[in-house]
$ cat upload.txt   # compact mmCIF, N, CA and C atoms
# COMPACT_ATOMS: atom_id res chain seq x y z
N MET W 19 -25.13 13.19 -5.17
CA MET W 19 -25.24 11.96 -5.94
C MET W 19 -26.69 11.75 -6.37
N LYS W 20 -26.83 11.23 -7.55
CA LYS W 20 -28.13 10.92 -8.10
C LYS W 20 -28.54 9.52 -7.67
N ILE W 21 -29.83 9.35 -7.35
CA ILE W 21 -30.37 8.03 -6.99
C ILE W 21 -31.09 7.48 -8.22
N VAL W 22 -30.67 6.29 -8.64
CA VAL W 22 -31.20 5.64 -9.83
C VAL W 22 -31.78 4.29 -9.41
N TRP W 23 -33.00 4.00 -9.86
CA TRP W 23 -33.68 2.75 -9.52
C TRP W 23 -33.62 1.80 -10.71
N SER W 24 -33.23 0.56 -10.46
CA SER W 24 -33.25 -0.45 -11.52
C SER W 24 -34.70 -0.88 -11.78
N PRO W 25 -34.97 -1.42 -12.96
CA PRO W 25 -36.31 -1.95 -13.22
C PRO W 25 -36.71 -3.02 -12.21
N LEU W 26 -35.76 -3.85 -11.79
CA LEU W 26 -36.07 -4.88 -10.80
C LEU W 26 -36.52 -4.24 -9.48
N ALA W 27 -35.82 -3.21 -9.02
CA ALA W 27 -36.19 -2.54 -7.77
C ALA W 27 -37.60 -1.95 -7.87
N LEU W 28 -37.89 -1.30 -9.00
CA LEU W 28 -39.23 -0.72 -9.18
C LEU W 28 -40.30 -1.80 -9.22
N LYS W 29 -39.99 -2.91 -9.87
CA LYS W 29 -40.94 -4.03 -9.93
C LYS W 29 -41.20 -4.58 -8.54
N ARG W 30 -40.15 -4.74 -7.77
CA ARG W 30 -40.29 -5.27 -6.40
C ARG W 30 -41.12 -4.32 -5.53
N VAL W 31 -40.91 -3.00 -5.67
CA VAL W 31 -41.70 -2.04 -4.91
C VAL W 31 -43.18 -2.19 -5.28
N GLN W 32 -43.47 -2.33 -6.56
CA GLN W 32 -44.86 -2.51 -7.00
C GLN W 32 -45.46 -3.80 -6.43
N GLU W 33 -44.69 -4.88 -6.46
CA GLU W 33 -45.18 -6.17 -5.96
C GLU W 33 -45.46 -6.10 -4.45
N ILE W 34 -44.54 -5.51 -3.71
CA ILE W 34 -44.70 -5.42 -2.26
C ILE W 34 -45.90 -4.52 -1.93
N ALA W 35 -46.01 -3.40 -2.62
CA ALA W 35 -47.14 -2.49 -2.38
C ALA W 35 -48.47 -3.16 -2.71
N ALA W 36 -48.51 -3.94 -3.78
CA ALA W 36 -49.74 -4.65 -4.15
C ALA W 36 -50.13 -5.65 -3.06
N TYR W 37 -49.14 -6.31 -2.50
CA TYR W 37 -49.40 -7.26 -1.42
C TYR W 37 -49.96 -6.54 -0.19
N ILE W 38 -49.33 -5.43 0.18
CA ILE W 38 -49.81 -4.65 1.33
C ILE W 38 -51.22 -4.12 1.06
N ALA W 39 -51.47 -3.68 -0.17
CA ALA W 39 -52.76 -3.09 -0.54
C ALA W 39 -53.91 -4.09 -0.46
N MET W 40 -53.61 -5.38 -0.55
CA MET W 40 -54.68 -6.38 -0.43
C MET W 40 -55.37 -6.24 0.92
N ASP W 41 -54.61 -5.86 1.91
CA ASP W 41 -55.15 -5.67 3.25
C ASP W 41 -55.66 -4.25 3.47
N LYS W 42 -54.83 -3.28 3.04
CA LYS W 42 -55.18 -1.88 3.30
C LYS W 42 -54.47 -0.98 2.28
N PRO W 43 -55.19 -0.51 1.27
CA PRO W 43 -54.58 0.31 0.21
C PRO W 43 -53.83 1.54 0.73
N SER W 44 -54.38 2.20 1.74
CA SER W 44 -53.69 3.40 2.25
C SER W 44 -52.36 3.05 2.90
N ALA W 45 -52.25 1.87 3.48
CA ALA W 45 -50.98 1.43 4.08
C ALA W 45 -49.93 1.21 2.99
N ALA W 46 -50.36 0.72 1.84
CA ALA W 46 -49.43 0.51 0.72
C ALA W 46 -48.88 1.85 0.24
N GLU W 47 -49.75 2.86 0.13
CA GLU W 47 -49.30 4.19 -0.29
C GLU W 47 -48.34 4.78 0.73
N ASP W 48 -48.65 4.60 2.01
CA ASP W 48 -47.76 5.09 3.08
C ASP W 48 -46.41 4.39 3.02
N TRP W 49 -46.44 3.07 2.74
CA TRP W 49 -45.20 2.30 2.68
C TRP W 49 -44.31 2.82 1.54
N ILE W 50 -44.91 3.05 0.38
CA ILE W 50 -44.13 3.56 -0.76
C ILE W 50 -43.52 4.92 -0.42
N ARG W 51 -44.34 5.82 0.12
CA ARG W 51 -43.83 7.15 0.48
C ARG W 51 -42.67 7.04 1.48
N GLY W 52 -42.85 6.19 2.48
CA GLY W 52 -41.82 6.02 3.50
C GLY W 52 -40.53 5.44 2.93
N LEU W 53 -40.68 4.45 2.05
CA LEU W 53 -39.50 3.85 1.42
C LEU W 53 -38.76 4.88 0.59
N LEU W 54 -39.49 5.63 -0.23
CA LEU W 54 -38.84 6.65 -1.08
C LEU W 54 -38.15 7.71 -0.23
N LYS W 55 -38.77 8.11 0.85
CA LYS W 55 -38.17 9.11 1.75
C LYS W 55 -36.89 8.56 2.39
N THR W 56 -36.94 7.30 2.81
CA THR W 56 -35.77 6.66 3.42
C THR W 56 -34.63 6.56 2.41
N VAL W 57 -34.94 6.11 1.20
CA VAL W 57 -33.90 5.97 0.17
C VAL W 57 -33.35 7.34 -0.23
N ALA W 58 -34.18 8.37 -0.24
CA ALA W 58 -33.72 9.72 -0.60
C ALA W 58 -32.63 10.21 0.34
N LYS W 59 -32.61 9.74 1.57
CA LYS W 59 -31.57 10.13 2.53
C LYS W 59 -30.19 9.65 2.10
N LEU W 60 -30.14 8.66 1.22
CA LEU W 60 -28.85 8.12 0.77
C LEU W 60 -28.01 9.17 0.07
N GLY W 61 -28.64 10.18 -0.49
CA GLY W 61 -27.89 11.23 -1.17
C GLY W 61 -26.86 11.90 -0.28
N ARG W 62 -27.12 11.90 1.02
CA ARG W 62 -26.20 12.52 1.97
C ARG W 62 -25.38 11.51 2.76
N TYR W 63 -25.95 10.34 3.00
CA TYR W 63 -25.31 9.40 3.93
C TYR W 63 -25.10 8.02 3.34
N GLN W 64 -24.79 7.93 2.06
CA GLN W 64 -24.75 6.64 1.37
C GLN W 64 -23.79 5.62 1.96
N GLU W 65 -22.70 6.07 2.55
CA GLU W 65 -21.73 5.10 3.08
C GLU W 65 -21.95 4.80 4.56
N SER W 66 -23.01 5.34 5.15
CA SER W 66 -23.26 5.09 6.56
C SER W 66 -24.05 3.80 6.78
N ASP W 67 -24.65 3.28 5.72
CA ASP W 67 -25.42 2.04 5.87
C ASP W 67 -24.51 0.82 5.76
N ARG W 68 -25.03 -0.29 6.21
CA ARG W 68 -24.17 -1.47 6.30
C ARG W 68 -23.95 -2.13 4.94
N ILE W 69 -22.80 -2.77 4.86
CA ILE W 69 -22.47 -3.60 3.70
C ILE W 69 -23.37 -4.83 3.77
N VAL W 70 -23.89 -5.26 2.62
CA VAL W 70 -24.78 -6.43 2.59
C VAL W 70 -23.96 -7.65 3.01
N PRO W 71 -24.37 -8.31 4.10
CA PRO W 71 -23.56 -9.42 4.62
C PRO W 71 -23.38 -10.58 3.66
N GLU W 72 -24.36 -10.84 2.79
CA GLU W 72 -24.27 -11.98 1.89
C GLU W 72 -23.18 -11.81 0.83
N VAL W 73 -22.84 -10.57 0.48
CA VAL W 73 -21.87 -10.36 -0.60
C VAL W 73 -20.55 -9.75 -0.12
N LYS W 74 -20.58 -9.09 1.03
CA LYS W 74 -19.35 -8.56 1.64
C LYS W 74 -18.52 -7.70 0.67
N ARG W 75 -19.21 -6.83 -0.08
CA ARG W 75 -18.53 -5.90 -0.99
C ARG W 75 -18.82 -4.49 -0.51
N ALA W 76 -17.80 -3.66 -0.45
CA ALA W 76 -17.96 -2.30 0.06
C ALA W 76 -18.90 -1.46 -0.81
N ASP W 77 -19.05 -1.82 -2.08
CA ASP W 77 -19.91 -1.02 -2.96
C ASP W 77 -21.37 -1.47 -2.95
N ILE W 78 -21.68 -2.59 -2.30
CA ILE W 78 -23.05 -3.08 -2.22
C ILE W 78 -23.52 -2.92 -0.78
N ARG W 79 -24.49 -2.04 -0.59
CA ARG W 79 -24.97 -1.70 0.75
C ARG W 79 -26.48 -1.81 0.80
N GLU W 80 -27.02 -1.65 2.01
CA GLU W 80 -28.46 -1.72 2.17
C GLU W 80 -28.92 -0.72 3.21
N ILE W 81 -30.14 -0.25 3.00
CA ILE W 81 -30.81 0.58 3.98
C ILE W 81 -32.12 -0.13 4.30
N VAL W 82 -32.49 -0.14 5.56
CA VAL W 82 -33.67 -0.88 5.99
C VAL W 82 -34.82 0.09 6.21
N TYR W 83 -35.98 -0.28 5.68
CA TYR W 83 -37.22 0.45 5.94
C TYR W 83 -38.27 -0.57 6.34
N LYS W 84 -38.77 -0.41 7.55
CA LYS W 84 -39.71 -1.37 8.13
C LYS W 84 -39.11 -2.77 8.03
N SER W 85 -39.76 -3.71 7.39
CA SER W 85 -39.23 -5.08 7.31
C SER W 85 -38.49 -5.35 6.01
N TYR W 86 -38.15 -4.31 5.26
CA TYR W 86 -37.58 -4.49 3.92
C TYR W 86 -36.20 -3.88 3.80
N ARG W 87 -35.41 -4.49 2.93
CA ARG W 87 -34.05 -4.04 2.66
C ARG W 87 -33.99 -3.47 1.24
N ALA W 88 -33.59 -2.22 1.14
CA ALA W 88 -33.33 -1.63 -0.18
C ALA W 88 -31.83 -1.78 -0.41
N VAL W 89 -31.48 -2.61 -1.38
CA VAL W 89 -30.08 -2.92 -1.66
C VAL W 89 -29.61 -2.00 -2.78
N TYR W 90 -28.48 -1.35 -2.55
CA TYR W 90 -27.97 -0.40 -3.54
C TYR W 90 -26.49 -0.56 -3.76
N ARG W 91 -26.04 -0.04 -4.90
CA ARG W 91 -24.63 -0.08 -5.27
C ARG W 91 -24.14 1.35 -5.42
N LEU W 92 -22.95 1.59 -4.89
CA LEU W 92 -22.29 2.89 -5.07
C LEU W 92 -21.41 2.78 -6.31
N ASP W 93 -21.78 3.52 -7.35
CA ASP W 93 -21.04 3.44 -8.62
C ASP W 93 -20.97 4.81 -9.29
N GLY W 94 -20.67 5.81 -8.49
CA GLY W 94 -20.72 7.18 -9.01
C GLY W 94 -22.07 7.79 -8.70
N ASP W 95 -23.12 7.03 -8.95
CA ASP W 95 -24.47 7.34 -8.51
C ASP W 95 -24.82 6.33 -7.42
N ILE W 96 -26.02 6.43 -6.91
CA ILE W 96 -26.55 5.42 -6.00
C ILE W 96 -27.56 4.63 -6.81
N SER W 97 -27.24 3.39 -7.10
CA SER W 97 -28.11 2.53 -7.91
C SER W 97 -28.86 1.58 -7.00
N VAL W 98 -30.17 1.79 -6.86
CA VAL W 98 -30.99 0.89 -6.06
C VAL W 98 -31.22 -0.34 -6.92
N LEU W 99 -30.71 -1.47 -6.45
CA LEU W 99 -30.71 -2.70 -7.23
C LEU W 99 -31.98 -3.52 -7.05
N THR W 100 -32.43 -3.63 -5.80
CA THR W 100 -33.62 -4.41 -5.51
C THR W 100 -34.14 -4.05 -4.14
N VAL W 101 -35.34 -4.49 -3.84
CA VAL W 101 -35.94 -4.35 -2.51
C VAL W 101 -36.42 -5.74 -2.14
N ILE W 102 -35.97 -6.23 -0.98
CA ILE W 102 -36.34 -7.57 -0.55
C ILE W 102 -36.76 -7.54 0.91
N HIS W 103 -37.51 -8.55 1.31
CA HIS W 103 -37.90 -8.66 2.71
C HIS W 103 -36.65 -8.91 3.55
N GLY W 104 -36.66 -8.42 4.75
CA GLY W 104 -35.50 -8.55 5.64
C GLY W 104 -35.08 -9.97 5.92
N ARG W 105 -35.99 -10.92 5.79
CA ARG W 105 -35.65 -12.32 6.03
C ARG W 105 -35.10 -13.02 4.80
N GLN W 106 -35.19 -12.37 3.65
CA GLN W 106 -34.66 -12.98 2.42
C GLN W 106 -33.17 -12.71 2.30
N LEU W 107 -32.48 -13.65 1.70
CA LEU W 107 -31.07 -13.45 1.39
C LEU W 107 -30.94 -12.91 -0.02
N LEU W 108 -29.99 -12.03 -0.21
CA LEU W 108 -29.72 -11.50 -1.54
C LEU W 108 -28.96 -12.56 -2.33
N ASP W 109 -29.37 -12.79 -3.54
CA ASP W 109 -28.73 -13.77 -4.41
C ASP W 109 -27.38 -13.21 -4.88
N GLU W 110 -26.30 -13.82 -4.41
CA GLU W 110 -24.95 -13.36 -4.78
C GLU W 110 -24.70 -13.43 -6.28
N ALA W 111 -25.28 -14.42 -6.94
CA ALA W 111 -25.08 -14.56 -8.38
C ALA W 111 -25.64 -13.36 -9.13
N VAL W 112 -26.75 -12.84 -8.67
CA VAL W 112 -27.34 -11.66 -9.30
C VAL W 112 -26.40 -10.47 -9.16
N VAL W 113 -25.81 -10.30 -7.99
CA VAL W 113 -24.88 -9.20 -7.77
C VAL W 113 -23.63 -9.40 -8.62
N ALA W 114 -23.12 -10.61 -8.67
CA ALA W 114 -21.90 -10.89 -9.42
C ALA W 114 -22.07 -10.63 -10.91
N THR W 115 -23.23 -10.98 -11.45
CA THR W 115 -23.45 -10.80 -12.88
C THR W 115 -24.02 -9.43 -13.21
N GLY W 116 -24.50 -8.73 -12.19
CA GLY W 116 -25.12 -7.44 -12.44
C GLY W 116 -26.47 -7.57 -13.13
N ASN W 117 -27.09 -8.74 -13.04
CA ASN W 117 -28.36 -9.00 -13.73
C ASN W 117 -29.52 -8.47 -12.89
N PHE W 118 -29.81 -7.19 -13.08
CA PHE W 118 -30.91 -6.57 -12.35
C PHE W 118 -32.03 -6.19 -13.29
N SER W 119 -32.21 -6.95 -14.33
CA SER W 119 -33.35 -6.84 -15.24
C SER W 119 -33.43 -5.53 -15.99
N GLY W 120 -32.44 -5.23 -16.74
CA GLY W 120 -32.58 -4.15 -17.71
C GLY W 120 -31.94 -2.85 -17.36
N LYS W 121 -32.44 -1.82 -18.04
CA LYS W 121 -31.85 -0.48 -17.95
C LYS W 121 -32.17 0.18 -16.63
N ARG W 122 -31.34 1.15 -16.30
CA ARG W 122 -31.55 1.92 -15.09
C ARG W 122 -32.63 2.97 -15.33
N THR W 123 -33.39 3.26 -14.31
CA THR W 123 -34.45 4.26 -14.40
C THR W 123 -34.29 5.26 -13.28
N GLU W 124 -34.18 6.52 -13.63
CA GLU W 124 -34.03 7.54 -12.60
C GLU W 124 -35.39 7.89 -12.02
N VAL W 125 -35.43 7.99 -10.71
CA VAL W 125 -36.65 8.40 -10.01
C VAL W 125 -36.30 9.64 -9.22
N LEU W 126 -37.07 10.68 -9.39
CA LEU W 126 -36.80 11.92 -8.67
C LEU W 126 -37.40 11.89 -7.29
$ encode --input "upload.txt" --output "structure tokens"
Amino acid sequence: MKIVWSPLALKRVQEIAAYIAMDKPSAAEDWIRGLLKTVAKLGRYQESDRIVPEVKRADIREIVYKSYRAVYRLDGDISVLTVIHGRQLLDEAVVATGNFSGKRTEVL
């Protein structure tokens, strides 16, 4: 399966990394590498992660890296929809409407 990142997910990764970099730029780079490595594992084990509790849909799942949740949809590919802090709730309306800010972007 191909892993595809939405513009919103990429934007969130940039925002989170920028926040981490304010304290320590090398930690931000490590965080991005770790997140990408964690998400890359989805190619083999996409259905082993938990269903997002806020939406309770079998096609919307999440994988956790450090304190963050990478929320993805199984739709033939693995579509990473957003990345949020573990204490944040996923907005159900965004999932229902599919409003993830634009076109899908493939990341290798």
$ residues_near_point --input "upload.txt" --point "(-29.1, -6.5, -4.1)" --cutoff "6.5 Å" --atoms "only N, CA and C atoms" --output "list in words"
Val89, Tyr90, Leu99, Thr100, Leu108, Asp109 and Val113 of chain W
$ residues_around --input "upload.txt" --residues "Ser85 in chain W" --least-positions-apart "3" --cutoff "10 Å" --atoms "only C-alpha atoms" --output "number ranges by chain"
W: 82, 102-105
$ residues_around --input "upload.txt" --residues "range 62-71 of chain W" --least-positions-apart "3" --cutoff "8 Å" --atoms "all atoms listed in the file" --output "JSON list (two decimals) with N, CA and C atoms, keeping the file's coordinate frame"
[["chain", "number", "residue", "atom", "x", "y", "z"],
["W", 19, "MET", "N", -25.13, 13.19, -5.17],
["W", 19, "MET", "CA", -25.24, 11.96, -5.94],
["W", 19, "MET", "C", -26.69, 11.75, -6.37],
["W", 57, "VAL", "N", -34.94, 6.11, 1.20],
["W", 57, "VAL", "CA", -33.90, 5.97, 0.17],
["W", 57, "VAL", "C", -33.35, 7.34, -0.23],
["W", 58, "ALA", "N", -34.18, 8.37, -0.24],
["W", 58, "ALA", "CA", -33.72, 9.72, -0.60],
["W", 58, "ALA", "C", -32.63, 10.21, 0.34],
["W", 59, "LYS", "N", -32.61, 9.74, 1.57],
["W", 59, "LYS", "CA", -31.57, 10.13, 2.53],
["W", 59, "LYS", "C", -30.19, 9.65, 2.10],
["W", 74, "LYS", "N", -20.58, -9.09, 1.03],
["W", 74, "LYS", "CA", -19.35, -8.56, 1.64],
["W", 74, "LYS", "C", -18.52, -7.70, 0.67],
["W", 75, "ARG", "N", -19.21, -6.83, -0.08],
["W", 75, "ARG", "CA", -18.53, -5.90, -0.99],
["W", 75, "ARG", "C", -18.82, -4.49, -0.51],
["W", 76, "ALA", "N", -17.80, -3.66, -0.45],
["W", 76, "ALA", "CA", -17.96, -2.30, 0.06],
["W", 76, "ALA", "C", -18.90, -1.46, -0.81],
["W", 77, "ASP", "N", -19.05, -1.82, -2.08],
["W", 77, "ASP", "CA", -19.91, -1.02, -2.96],
["W", 77, "ASP", "C", -21.37, -1.47, -2.95],
["W", 78, "ILE", "N", -21.68, -2.59, -2.30],
["W", 78, "ILE", "CA", -23.05, -3.08, -2.22],
["W", 78, "ILE", "C", -23.52, -2.92, -0.78],
["W", 79, "ARG", "N", -24.49, -2.04, -0.59],
["W", 79, "ARG", "CA", -24.97, -1.70, 0.75],
["W", 79, "ARG", "C", -26.48, -1.81, 0.80],
["W", 80, "GLU", "N", -27.02, -1.65, 2.01],
["W", 80, "GLU", "CA", -28.46, -1.72, 2.17],
["W", 80, "GLU", "C", -28.92, -0.72, 3.21],
["W", 81, "ILE", "N", -30.14, -0.25, 3.00],
["W", 81, "ILE", "CA", -30.81, 0.58, 3.98],
["W", 81, "ILE", "C", -32.12, -0.13, 4.30],
["W", 82, "VAL", "N", -32.49, -0.14, 5.56],
["W", 82, "VAL", "CA", -33.67, -0.88, 5.99],
["W", 82, "VAL", "C", -34.82, 0.09, 6.21],
["W", 89, "VAL", "N", -31.48, -2.61, -1.38],
["W", 89, "VAL", "CA", -30.08, -2.92, -1.66],
["W", 89, "VAL", "C", -29.61, -2.00, -2.78],
["W", 90, "TYR", "N", -28.48, -1.35, -2.55],
["W", 90, "TYR", "CA", -27.97, -0.40, -3.54],
["W", 90, "TYR", "C", -26.49, -0.56, -3.76],
["W", 92, "LEU", "N", -22.95, 1.59, -4.89],
["W", 92, "LEU", "CA", -22.29, 2.89, -5.07],
["W", 92, "LEU", "C", -21.41, 2.78, -6.31],
["W", 96, "ILE", "N", -26.02, 6.43, -6.91],
["W", 96, "ILE", "CA", -26.55, 5.42, -6.00],
["W", 96, "ILE", "C", -27.56, 4.63, -6.81],
["W", 108, "LEU", "N", -29.99, -12.03, -0.21],
["W", 108, "LEU", "CA", -29.72, -11.50, -1.54],
["W", 108, "LEU", "C", -28.96, -12.56, -2.33]]
$ closest_residue --input "upload.txt" --among "W:Asp95, W:Lys20, W:Tyr83, W:Ala27" --to "Asp48 in chain W" --atoms "only C-alpha atoms"
W:Tyr83
$ select_by_dssp --input "upload.txt" --residues "chain W" --states "helix (DSSP H, G or I)" --output "VMD selection string"
chain W and resid 25 to 41 43 to 58 60 to 63 110 to 115
$ atom_distance --input "upload.txt" --atom1 "CA of Leu26 in chain W" --atom2 "atom N of Val98 in chain W"
9.7 Å
$ axis_aligned_box --input "upload.txt" --around "range 90-107 of chain W" --padding-each-side "3 Å" --output "AutoDock Vina command-line options"
--center_x -29.3 --center_y -2.9 --center_z -1.6 --size_x 23.2 --size_y 27.4 --size_z 21.3
$ closest_residue --input "upload.txt" --among "W:Leu60, W:Val31, W:Leu54, W:Ile38" --to "Val101 in chain W" --atoms "only C-alpha atoms"
W:Val31
$ closest_residue --input "upload.txt" --among "W:Gly61, W:Ile21, W:Ser97, W:Tyr37" --to "Trp49 in chain W" --atoms "only C-alpha atoms"
W:Tyr37
